[in-house]
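Shown next, in structure tokens, is the structure this report addresses.
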Amino acid sequence: MDLATFERLLAPEGQELLAEIAERAGVESDLGLGTRLRKTHANDLVAAAVTQNHLRGKAASKLGVDAAHLYFTHDALEQATRHRVAAHRAQRLADSGATSVVDLGCGIGADLLAFARAGLRVRGVEQDPVRAAIAAANLRALGLEGEVEVGDATRTDLRPGETAFVDPARRTGKGRVFGTADLQPPWAWTRELLRERAVAKVMPGLAHGDVPAGVEAEWVSDGGDLVECCLWGSPYARTRRRATLLPSGATLALQDEPAVVAPVGAYLYEPDDAVIRAGVVAELAADLGGWLPDPHIAYVSADRGDVTPLARRFAVVGELPFREKPLKAALQQRRVGTLTIKKRGVQVVPEELVKRLKLSGPNRATVVMTRVDGQGRAFLVEPLRP
């Protein structure tokens with residue numbers, strides 16, 4: 001979709017077309033609806049409206065009820081921040097005393113919308129004219145104040161009082177980027193921004209060693225999915241590393257707790273991926289009155305079964321043989337036919353092992369296969385409700 005077509009989509013004809021497609025989608029076939037509409041509207045406008053209707057449906061899981069009123073491109077939707085994550089970041093920034101934000105490379109404006117809703121003055125800068133126009137239209141669609149300009153993020157001067165937000169592109173023509181070397185804008189530019197009032201959204205796989213000195217790295221998971229690492233520039237940093245889980249808002253900051261190591265007790269906890277990536281498993285163990293069964297494995301054990309949003313709980317029923325043949329015999333004795341294997345730190349492929357065991361029986365079981373004090377161990381566990 002080019003800029004001229006998008007502007008026509010915003011005009012009365014385009015709005016009426018969007019409304020009709022939304023109303024008739026699922027009633028008429030896609031082919032029949034498209035064929036009928038092309039008799040009275042230009043082909044490119046119909047194609048743009050049909051695409052928007054499709055993308056609005058696709059965006060609902062990421063952007064909630066707002067999606068029905070917003071505009072997208074395929075690529076920009078893939079890169080857009082989930083609405084709960086954007087809202088969390090915007091509120092934290094507002095609570096930190098910020099009053100004005102410039103989103104450098106704002107795309108279609110998902111973060112811009114969240115900043116505006118949090119009461120911040122917003123300015124978006126976007127090099128792609130179509131995305132810039134979409135971001136401005138999305139602000140208007142939700143009745144939010146803000147300005148969007150076409151420009152190069154790396155050449156944009158910050159205004160007095162502005163906090164910079166940047167979300168470097170994590171995709172190239174070759175696919176997804178997993179390191180800092182291929183980020184755009186360049187990582188060196190982002191690092192320099194973070195010396196001052198700035199916030200950056202980067203990949204969740206960011207290595208601890210890549211976090212600049214004086215910057216807080218916050219790993220965020222949403223609904224159990226680890227989605228990003230948010231870097232808080234020096235003026236906003238409150239710790240070195242942190243894990244935050246949404247929608248609960250539970251958070252755990254690095255305290256440099258010494259790792260207590262002891263045998264598996266009555267309960268096992270499987271930390272959320274944000275806790276693991278932030279390197280705060282020892283802090284979680286301390287909060288739970290527990291310990292690590294192995295200093296290098298991200299399981300926590302305890303003798304009490306506290307409920308926590310930061311980890312899944314399992315009651316330890318007993319220990320099973322780790323080797324395959326005696327494990328099979330022990331499970332057969334329990335008449336287990338449906339088996340779930342969770343593993344960490346051992347050379348086991350759960351799906352392949354389940355196939356090889358060839359179990360049959362009426363009972364279900366969950367087995368944790370892990371390393372304790374450097375040795376492979378297997379534990380029969382019972383998953384507990386949150």
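We label chains A, B, ... in the order they appear in the structure tokens, count residues from 1 in each chain, and number ligands from 1 in the order shown.
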Give me the residues near stretch 29-42 of chain A as an MDAnalysis selection string, where near means some atom within 12 Å (using only C-alpha atoms) and where sequence neighbours in that chain fewer than 6 positions away do not count.
chainID A and resid 5 8:9 13:14 16:18 20:23 48:51 53:54
Go ahead and save the residues from that selection, with C-alpha atoms, as a PDB file, in the first residue's frame.
ATOM      1  CA  THR A   5      -3.846   4.690  -1.434  1.00  0.00           C
ATOM      2  CA  ARG A   8      -7.863   7.429   0.001  1.00  0.00           C
ATOM      3  CA  LEU A   9      -8.584   4.751   2.589  1.00  0.00           C
ATOM      4  CA  GLU A  13     -15.158   6.361   0.326  1.00  0.00           C
ATOM      5  CA  GLY A  14     -12.435   4.312   1.983  1.00  0.00           C
ATOM      6  CA  GLU A  16     -17.436   3.294   3.932  1.00  0.00           C
ATOM      7  CA  LEU A  17     -15.621   0.477   2.148  1.00  0.00           C
ATOM      8  CA  LEU A  18     -13.886  -0.617   5.365  1.00  0.00           C
ATOM      9  CA  GLU A  20     -18.898  -2.713   4.538  1.00  0.00           C
ATOM     10  CA  ILE A  21     -16.073  -5.253   4.423  1.00  0.00           C
ATOM     11  CA  ALA A  22     -16.118  -5.615   8.222  1.00  0.00           C
ATOM     12  CA  GLU A  23     -19.886  -6.147   8.136  1.00  0.00           C
ATOM     13  CA  ALA A  48      -6.103  -2.099   0.738  1.00  0.00           C
ATOM     14  CA  ALA A  49      -9.421  -2.237   2.599  1.00  0.00           C
ATOM     15  CA  VAL A  50      -9.575  -6.033   2.510  1.00  0.00           C
ATOM     16  CA  THR A  51      -6.001  -6.197   3.803  1.00  0.00           C
ATOM     17  CA  ASN A  53      -9.779  -5.815   7.706  1.00  0.00           C
ATOM     18  CA  HIS A  54      -7.646  -8.961   7.752  1.00  0.00           C
TER      19      HIS A  54
END
With the cut-off set at 12 Å and counting only C-alpha atoms, tabulate each residue of stretch 235-266 of chain A with an atom at most that distance from an atom of stretch 196-220 of chain A, showing the nearest atom pair and its distance in Å to one decimal, ordered by chain and increasing number, as a tab-separated table.
residue	atom	partner	partner_atom	distance
A:Pro235	CA	A:Arg197	CA	5.9
A:Tyr236	CA	A:Arg197	CA	7.3
A:Ala237	CA	A:Glu216	CA	4.8
A:Arg238	CA	A:Glu216	CA	6.6
A:Thr239	CA	A:Glu216	CA	5.7
A:Arg240	CA	A:Glu216	CA	4.6
A:Arg241	CA	A:Ala217	CA	4.8
A:Arg242	CA	A:Glu218	CA	4.7
A:Ala243	CA	A:Trp219	CA	4.9
A:Thr244	CA	A:Val220	CA	4.9
A:Leu245	CA	A:Val220	CA	5.9
A:Leu246	CA	A:Val220	CA	7.4
A:Pro247	CA	A:Val220	CA	10.3
A:Ser248	CA	A:Val220	CA	11.5
A:Gly249	CA	A:Val220	CA	9.7
A:Ala250	CA	A:Val220	CA	10.2
A:Thr251	CA	A:Val220	CA	9.2
A:Leu252	CA	A:Glu218	CA	9.6
A:Ala253	CA	A:Glu218	CA	8.8
A:Leu254	CA	A:Glu216	CA	10.2
Within 6 Å of A:Ser301 using only C-alpha atoms, minus same-chain residues under 5 positions, as a PyMOL selection string:
chain A and resi 264-265+267-268+290-291
Applying 9 Å and only C-alpha atoms, which residues near A:Arg131 remain after dropping the ones on its own chain fewer than 2 positions away? List them as a compact mmCIF listing (two decimals) with C-alpha atoms, in the first residue's frame.
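As a result, out-v6.txt now contains:
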# COMPACT_ATOMS: atom_id res chain seq x y z
CA LEU A 3 0.78 6.70 0.66
CA PHE A 72 -1.44 -1.61 9.83
CA THR A 73 1.02 -3.05 7.37
CA ALA A 76 4.79 -3.25 11.01
CA CYS A 106 7.78 4.79 15.74
CA GLY A 107 6.50 2.45 13.02
CA ILE A 108 2.69 2.37 13.10
CA GLY A 109 2.70 3.84 16.61
CA GLU A 126 9.49 7.53 11.21
CA GLN A 127 11.51 7.27 8.01
CA ASP A 128 8.81 5.42 6.04
CA PRO A 129 6.14 7.95 4.94
CA ALA A 133 0.95 8.43 8.12
CA ILE A 134 -0.46 5.28 9.74
CA ALA A 135 0.97 6.24 13.15
CA ALA A 136 -0.64 9.68 12.92
Identify, with DSSP run on backbone atoms, the residues in stretch 156-273 of chain A assigned to helix (DSSP H, G or I), and express the list as a list of chain:residue names.
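Result set for stretch 156-273 of chain A (helix (DSSP H, G or I)): A:Trp187, A:Ala188, A:Trp189, A:Thr190, A:Arg191, A:Glu192, A:Leu193, A:His208, A:Gly209, A:Asp210, A:Ser234, A:Pro235, A:Tyr236, A:Asp273.
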Which of stretch 96-280 of chain A DSSP labels strand (DSSP E), written as a PDB file with N, CA and C atoms, in the first residue's frame:
ATOM      1  N   SER A 100       7.528  13.856  28.560  1.00  0.00           N
ATOM      2  CA  SER A 100       7.499  13.970  27.104  1.00  0.00           C
ATOM      3  C   SER A 100       8.386  12.895  26.500  1.00  0.00           C
ATOM      4  N   VAL A 101       7.902  12.245  25.438  1.00  0.00           N
ATOM      5  CA  VAL A 101       8.640  11.148  24.799  1.00  0.00           C
ATOM      6  C   VAL A 101       8.710  11.361  23.297  1.00  0.00           C
ATOM      7  N   VAL A 102       9.874  11.106  22.722  1.00  0.00           N
ATOM      8  CA  VAL A 102       9.996  11.050  21.269  1.00  0.00           C
ATOM      9  C   VAL A 102      10.320   9.607  20.906  1.00  0.00           C
ATOM     10  N   ASP A 103       9.451   9.005  20.105  1.00  0.00           N
ATOM     11  CA  ASP A 103       9.617   7.620  19.654  1.00  0.00           C
ATOM     12  C   ASP A 103      10.393   7.661  18.343  1.00  0.00           C
ATOM     13  N   LEU A 104      11.662   7.275  18.408  1.00  0.00           N
ATOM     14  CA  LEU A 104      12.567   7.367  17.262  1.00  0.00           C
ATOM     15  C   LEU A 104      12.473   6.092  16.424  1.00  0.00           C
ATOM     16  N   ARG A 121       3.383  13.621  26.706  1.00  0.00           N
ATOM     17  CA  ARG A 121       3.380  14.283  25.407  1.00  0.00           C
ATOM     18  C   ARG A 121       4.202  13.426  24.464  1.00  0.00           C
ATOM     19  N   VAL A 122       3.685  13.203  23.257  1.00  0.00           N
ATOM     20  CA  VAL A 122       4.356  12.261  22.363  1.00  0.00           C
ATOM     21  C   VAL A 122       4.672  12.882  21.016  1.00  0.00           C
ATOM     22  N   ARG A 123       5.830  12.457  20.496  1.00  0.00           N
ATOM     23  CA  ARG A 123       6.261  12.823  19.151  1.00  0.00           C
ATOM     24  C   ARG A 123       6.847  11.575  18.515  1.00  0.00           C
ATOM     25  N   GLY A 124       6.401  11.260  17.332  1.00  0.00           N
ATOM     26  CA  GLY A 124       6.927  10.111  16.615  1.00  0.00           C
ATOM     27  C   GLY A 124       7.763  10.549  15.431  1.00  0.00           C
ATOM     28  N   VAL A 125       8.865   9.832  15.197  1.00  0.00           N
ATOM     29  CA  VAL A 125       9.713  10.072  14.030  1.00  0.00           C
ATOM     30  C   VAL A 125       9.828   8.755  13.282  1.00  0.00           C
ATOM     31  N   GLU A 126       9.495   8.764  11.997  1.00  0.00           N
ATOM     32  CA  GLU A 126       9.487   7.527  11.207  1.00  0.00           C
ATOM     33  C   GLU A 126       9.962   7.827   9.795  1.00  0.00           C
ATOM     34  N   GLU A 147       2.170  14.188  17.745  1.00  0.00           N
ATOM     35  CA  GLU A 147       2.614  14.571  16.408  1.00  0.00           C
ATOM     36  C   GLU A 147       3.534  13.490  15.851  1.00  0.00           C
ATOM     37  N   VAL A 148       3.493  13.337  14.537  1.00  0.00           N
ATOM     38  CA  VAL A 148       4.345  12.359  13.859  1.00  0.00           C
ATOM     39  C   VAL A 148       4.990  13.052  12.668  1.00  0.00           C
ATOM     40  N   GLU A 149       6.289  12.858  12.519  1.00  0.00           N
ATOM     41  CA  GLU A 149       7.004  13.470  11.404  1.00  0.00           C
ATOM     42  C   GLU A 149       7.827  12.431  10.670  1.00  0.00           C
ATOM     43  N   VAL A 150       8.036  12.673   9.396  1.00  0.00           N
ATOM     44  CA  VAL A 150       8.887  11.798   8.584  1.00  0.00           C
ATOM     45  C   VAL A 150      10.323  12.261   8.744  1.00  0.00           C
ATOM     46  N   GLU A 162      12.545  15.949  26.586  1.00  0.00           N
ATOM     47  CA  GLU A 162      12.102  14.712  25.940  1.00  0.00           C
ATOM     48  C   GLU A 162      12.941  13.518  26.392  1.00  0.00           C
ATOM     49  N   THR A 163      12.264  12.393  26.567  1.00  0.00           N
ATOM     50  CA  THR A 163      12.921  11.101  26.736  1.00  0.00           C
ATOM     51  C   THR A 163      12.846  10.363  25.408  1.00  0.00           C
ATOM     52  N   ALA A 164      13.967   9.805  24.979  1.00  0.00           N
ATOM     53  CA  ALA A 164      13.992   9.079  23.713  1.00  0.00           C
ATOM     54  C   ALA A 164      13.582   7.624  23.925  1.00  0.00           C
ATOM     55  N   PHE A 165      12.740   7.118  23.031  1.00  0.00           N
ATOM     56  CA  PHE A 165      12.427   5.695  23.008  1.00  0.00           C
ATOM     57  C   PHE A 165      12.817   5.162  21.643  1.00  0.00           C
ATOM     58  N   VAL A 166      13.479   4.003  21.620  1.00  0.00           N
ATOM     59  CA  VAL A 166      13.898   3.413  20.357  1.00  0.00           C
ATOM     60  C   VAL A 166      13.676   1.913  20.395  1.00  0.00           C
ATOM     61  N   ARG A 171      14.912  -7.430  12.337  1.00  0.00           N
ATOM     62  CA  ARG A 171      14.814  -8.252  11.139  1.00  0.00           C
ATOM     63  C   ARG A 171      15.604  -7.603  10.013  1.00  0.00           C
ATOM     64  N   THR A 172      16.258  -8.422   9.218  1.00  0.00           N
ATOM     65  CA  THR A 172      16.923  -7.966   8.009  1.00  0.00           C
ATOM     66  C   THR A 172      16.352  -8.778   6.853  1.00  0.00           C
ATOM     67  N   GLY A 175      16.275 -12.414   7.654  1.00  0.00           N
ATOM     68  CA  GLY A 175      15.418 -12.956   8.702  1.00  0.00           C
ATOM     69  C   GLY A 175      15.656 -12.260  10.032  1.00  0.00           C
ATOM     70  N   ARG A 176      15.266 -12.928  11.114  1.00  0.00           N
ATOM     71  CA  ARG A 176      15.329 -12.349  12.454  1.00  0.00           C
ATOM     72  C   ARG A 176      16.781 -12.204  12.919  1.00  0.00           C
ATOM     73  N   ALA A 198      16.674   7.855  28.144  1.00  0.00           N
ATOM     74  CA  ALA A 198      16.298   7.036  26.989  1.00  0.00           C
ATOM     75  C   ALA A 198      15.876   5.657  27.453  1.00  0.00           C
ATOM     76  N   VAL A 199      15.043   5.022  26.629  1.00  0.00           N
ATOM     77  CA  VAL A 199      14.570   3.656  26.861  1.00  0.00           C
ATOM     78  C   VAL A 199      14.655   2.924  25.533  1.00  0.00           C
ATOM     79  N   ALA A 200      15.110   1.677  25.550  1.00  0.00           N
ATOM     80  CA  ALA A 200      15.247   0.908  24.311  1.00  0.00           C
ATOM     81  C   ALA A 200      14.619  -0.467  24.475  1.00  0.00           C
ATOM     82  N   LYS A 201      13.887  -0.888  23.466  1.00  0.00           N
ATOM     83  CA  LYS A 201      13.321  -2.238  23.405  1.00  0.00           C
ATOM     84  C   LYS A 201      14.229  -3.077  22.512  1.00  0.00           C
ATOM     85  N   VAL A 202      14.763  -4.174  23.051  1.00  0.00           N
ATOM     86  CA  VAL A 202      15.650  -5.036  22.270  1.00  0.00           C
ATOM     87  C   VAL A 202      15.225  -6.490  22.416  1.00  0.00           C
ATOM     88  N   GLU A 216      19.662  -0.342  33.278  1.00  0.00           N
ATOM     89  CA  GLU A 216      18.879  -1.471  33.793  1.00  0.00           C
ATOM     90  C   GLU A 216      18.309  -2.279  32.640  1.00  0.00           C
ATOM     91  N   ALA A 217      18.456  -3.590  32.703  1.00  0.00           N
ATOM     92  CA  ALA A 217      17.865  -4.495  31.717  1.00  0.00           C
ATOM     93  C   ALA A 217      16.674  -5.196  32.353  1.00  0.00           C
ATOM     94  N   GLU A 218      15.506  -4.995  31.777  1.00  0.00           N
ATOM     95  CA  GLU A 218      14.268  -5.583  32.291  1.00  0.00           C
ATOM     96  C   GLU A 218      13.735  -6.582  31.281  1.00  0.00           C
ATOM     97  N   TRP A 219      13.778  -7.873  31.640  1.00  0.00           N
ATOM     98  CA  TRP A 219      13.210  -8.893  30.761  1.00  0.00           C
ATOM     99  C   TRP A 219      11.724  -9.033  31.073  1.00  0.00           C
ATOM    100  N   VAL A 220      10.905  -8.969  30.024  1.00  0.00           N
ATOM    101  CA  VAL A 220       9.455  -8.926  30.188  1.00  0.00           C
ATOM    102  C   VAL A 220       8.815 -10.120  29.498  1.00  0.00           C
ATOM    103  N   SER A 221       7.944 -10.810  30.233  1.00  0.00           N
ATOM    104  CA  SER A 221       7.141 -11.871  29.620  1.00  0.00           C
ATOM    105  C   SER A 221       5.677 -11.473  29.718  1.00  0.00           C
ATOM    106  N   ASP A 222       4.911 -11.887  28.735  1.00  0.00           N
ATOM    107  CA  ASP A 222       3.492 -11.545  28.668  1.00  0.00           C
ATOM    108  C   ASP A 222       2.704 -12.825  28.448  1.00  0.00           C
ATOM    109  N   ASP A 225       4.914 -15.769  27.643  1.00  0.00           N
ATOM    110  CA  ASP A 225       5.832 -15.648  26.509  1.00  0.00           C
ATOM    111  C   ASP A 225       6.881 -14.584  26.814  1.00  0.00           C
ATOM    112  N   LEU A 226       8.143 -14.945  26.742  1.00  0.00           N
ATOM    113  CA  LEU A 226       9.215 -13.971  26.904  1.00  0.00           C
ATOM    114  C   LEU A 226       9.277 -13.141  25.626  1.00  0.00           C
ATOM    115  N   VAL A 227       9.004 -11.843  25.713  1.00  0.00           N
ATOM    116  CA  VAL A 227       8.813 -11.051  24.492  1.00  0.00           C
ATOM    117  C   VAL A 227       9.899 -10.015  24.241  1.00  0.00           C
ATOM    118  N   GLU A 228      10.559  -9.519  25.276  1.00  0.00           N
ATOM    119  CA  GLU A 228      11.542  -8.471  25.017  1.00  0.00           C
ATOM    120  C   GLU A 228      12.442  -8.257  26.221  1.00  0.00           C
ATOM    121  N   CYS A 229      13.511  -7.516  25.965  1.00  0.00           N
ATOM    122  CA  CYS A 229      14.323  -6.938  27.027  1.00  0.00           C
ATOM    123  C   CYS A 229      14.221  -5.430  26.863  1.00  0.00           C
ATOM    124  N   CYS A 230      13.833  -4.740  27.913  1.00  0.00           N
ATOM    125  CA  CYS A 230      13.705  -3.288  27.892  1.00  0.00           C
ATOM    126  C   CYS A 230      14.883  -2.691  28.650  1.00  0.00           C
ATOM    127  N   LEU A 231      15.618  -1.816  27.975  1.00  0.00           N
ATOM    128  CA  LEU A 231      16.781  -1.178  28.591  1.00  0.00           C
ATOM    129  C   LEU A 231      16.408   0.224  29.052  1.00  0.00           C
ATOM    130  N   TRP A 232      16.640   0.480  30.328  1.00  0.00           N
ATOM    131  CA  TRP A 232      16.313   1.767  30.934  1.00  0.00           C
ATOM    132  C   TRP A 232      17.595   2.551  31.116  1.00  0.00           C
ATOM    133  N   ARG A 241      19.543  -5.771  36.714  1.00  0.00           N
ATOM    134  CA  ARG A 241      18.688  -6.671  35.943  1.00  0.00           C
ATOM    135  C   ARG A 241      17.398  -6.909  36.705  1.00  0.00           C
ATOM    136  N   ARG A 242      16.339  -7.154  35.948  1.00  0.00           N
ATOM    137  CA  ARG A 242      15.021  -7.346  36.539  1.00  0.00           C
ATOM    138  C   ARG A 242      14.194  -8.245  35.618  1.00  0.00           C
ATOM    139  N   ALA A 243      13.285  -9.015  36.220  1.00  0.00           N
ATOM    140  CA  ALA A 243      12.287  -9.785  35.476  1.00  0.00           C
ATOM    141  C   ALA A 243      10.913  -9.232  35.822  1.00  0.00           C
ATOM    142  N   THR A 244      10.075  -9.033  34.808  1.00  0.00           N
ATOM    143  CA  THR A 244       8.707  -8.565  35.022  1.00  0.00           C
ATOM    144  C   THR A 244       7.757  -9.460  34.243  1.00  0.00           C
ATOM    145  N   LEU A 245       6.690  -9.890  34.924  1.00  0.00           N
ATOM    146  CA  LEU A 245       5.707 -10.778  34.308  1.00  0.00           C
ATOM    147  C   LEU A 245       4.374 -10.061  34.186  1.00  0.00           C
ATOM    148  N   LEU A 246       3.809 -10.090  32.999  1.00  0.00           N
ATOM    149  CA  LEU A 246       2.498  -9.516  32.732  1.00  0.00           C
ATOM    150  C   LEU A 246       1.521 -10.639  32.396  1.00  0.00           C
ATOM    151  N   ALA A 250       4.050  -8.815  38.424  1.00  0.00           N
ATOM    152  CA  ALA A 250       5.055  -9.299  39.378  1.00  0.00           C
ATOM    153  C   ALA A 250       6.452  -9.005  38.845  1.00  0.00           C
ATOM    154  N   THR A 251       7.334  -8.577  39.725  1.00  0.00           N
ATOM    155  CA  THR A 251       8.684  -8.226  39.295  1.00  0.00           C
ATOM    156  C   THR A 251       9.692  -8.701  40.325  1.00  0.00           C
ATOM    157  N   LEU A 252      10.893  -8.991  39.864  1.00  0.00           N
ATOM    158  CA  LEU A 252      11.947  -9.492  40.746  1.00  0.00           C
ATOM    159  C   LEU A 252      13.263  -8.892  40.273  1.00  0.00           C
ATOM    160  N   ALA A 253      13.923  -8.154  41.142  1.00  0.00           N
ATOM    161  CA  ALA A 253      15.156  -7.457  40.793  1.00  0.00           C
ATOM    162  C   ALA A 253      16.376  -8.199  41.318  1.00  0.00           C
ATOM    163  N   TYR A 267       8.912 -29.633  47.006  1.00  0.00           N
ATOM    164  CA  TYR A 267       8.350 -28.921  45.868  1.00  0.00           C
ATOM    165  C   TYR A 267       9.459 -28.519  44.899  1.00  0.00           C
ATOM    166  N   LEU A 268       9.091 -28.491  43.628  1.00  0.00           N
ATOM    167  CA  LEU A 268       9.961 -27.961  42.585  1.00  0.00           C
ATOM    168  C   LEU A 268       9.253 -26.782  41.931  1.00  0.00           C
ATOM    169  N   TYR A 269      10.016 -25.761  41.586  1.00  0.00           N
ATOM    170  CA  TYR A 269       9.488 -24.592  40.882  1.00  0.00           C
ATOM    171  C   TYR A 269      10.225 -24.433  39.562  1.00  0.00           C
ATOM    172  N   GLU A 270       9.449 -24.202  38.505  1.00  0.00           N
ATOM    173  CA  GLU A 270      10.013 -23.934  37.183  1.00  0.00           C
ATOM    174  C   GLU A 270       9.867 -22.432  36.920  1.00  0.00           C
ATOM    175  N   PRO A 271      10.950 -21.656  37.021  1.00  0.00           N
ATOM    176  CA  PRO A 271      10.840 -20.201  36.877  1.00  0.00           C
ATOM    177  C   PRO A 271      10.380 -19.789  35.480  1.00  0.00           C
TER     178      PRO A 271
END
Write out as a PyMOL selection string each polymer residue whose atoms come within 9 Å of A:Ala90, counting only C-alpha atoms; drop sequence neighbours fewer than 2 positions from it.
chain A and resi 85-88+92-95+111-112+114-120
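Distances from A:Ala141, A:Gly105, A:Ala19, A:Arg377 to A:Ala67 were compared using only C-alpha atoms, and the smallest one belongs to A:Ala141.
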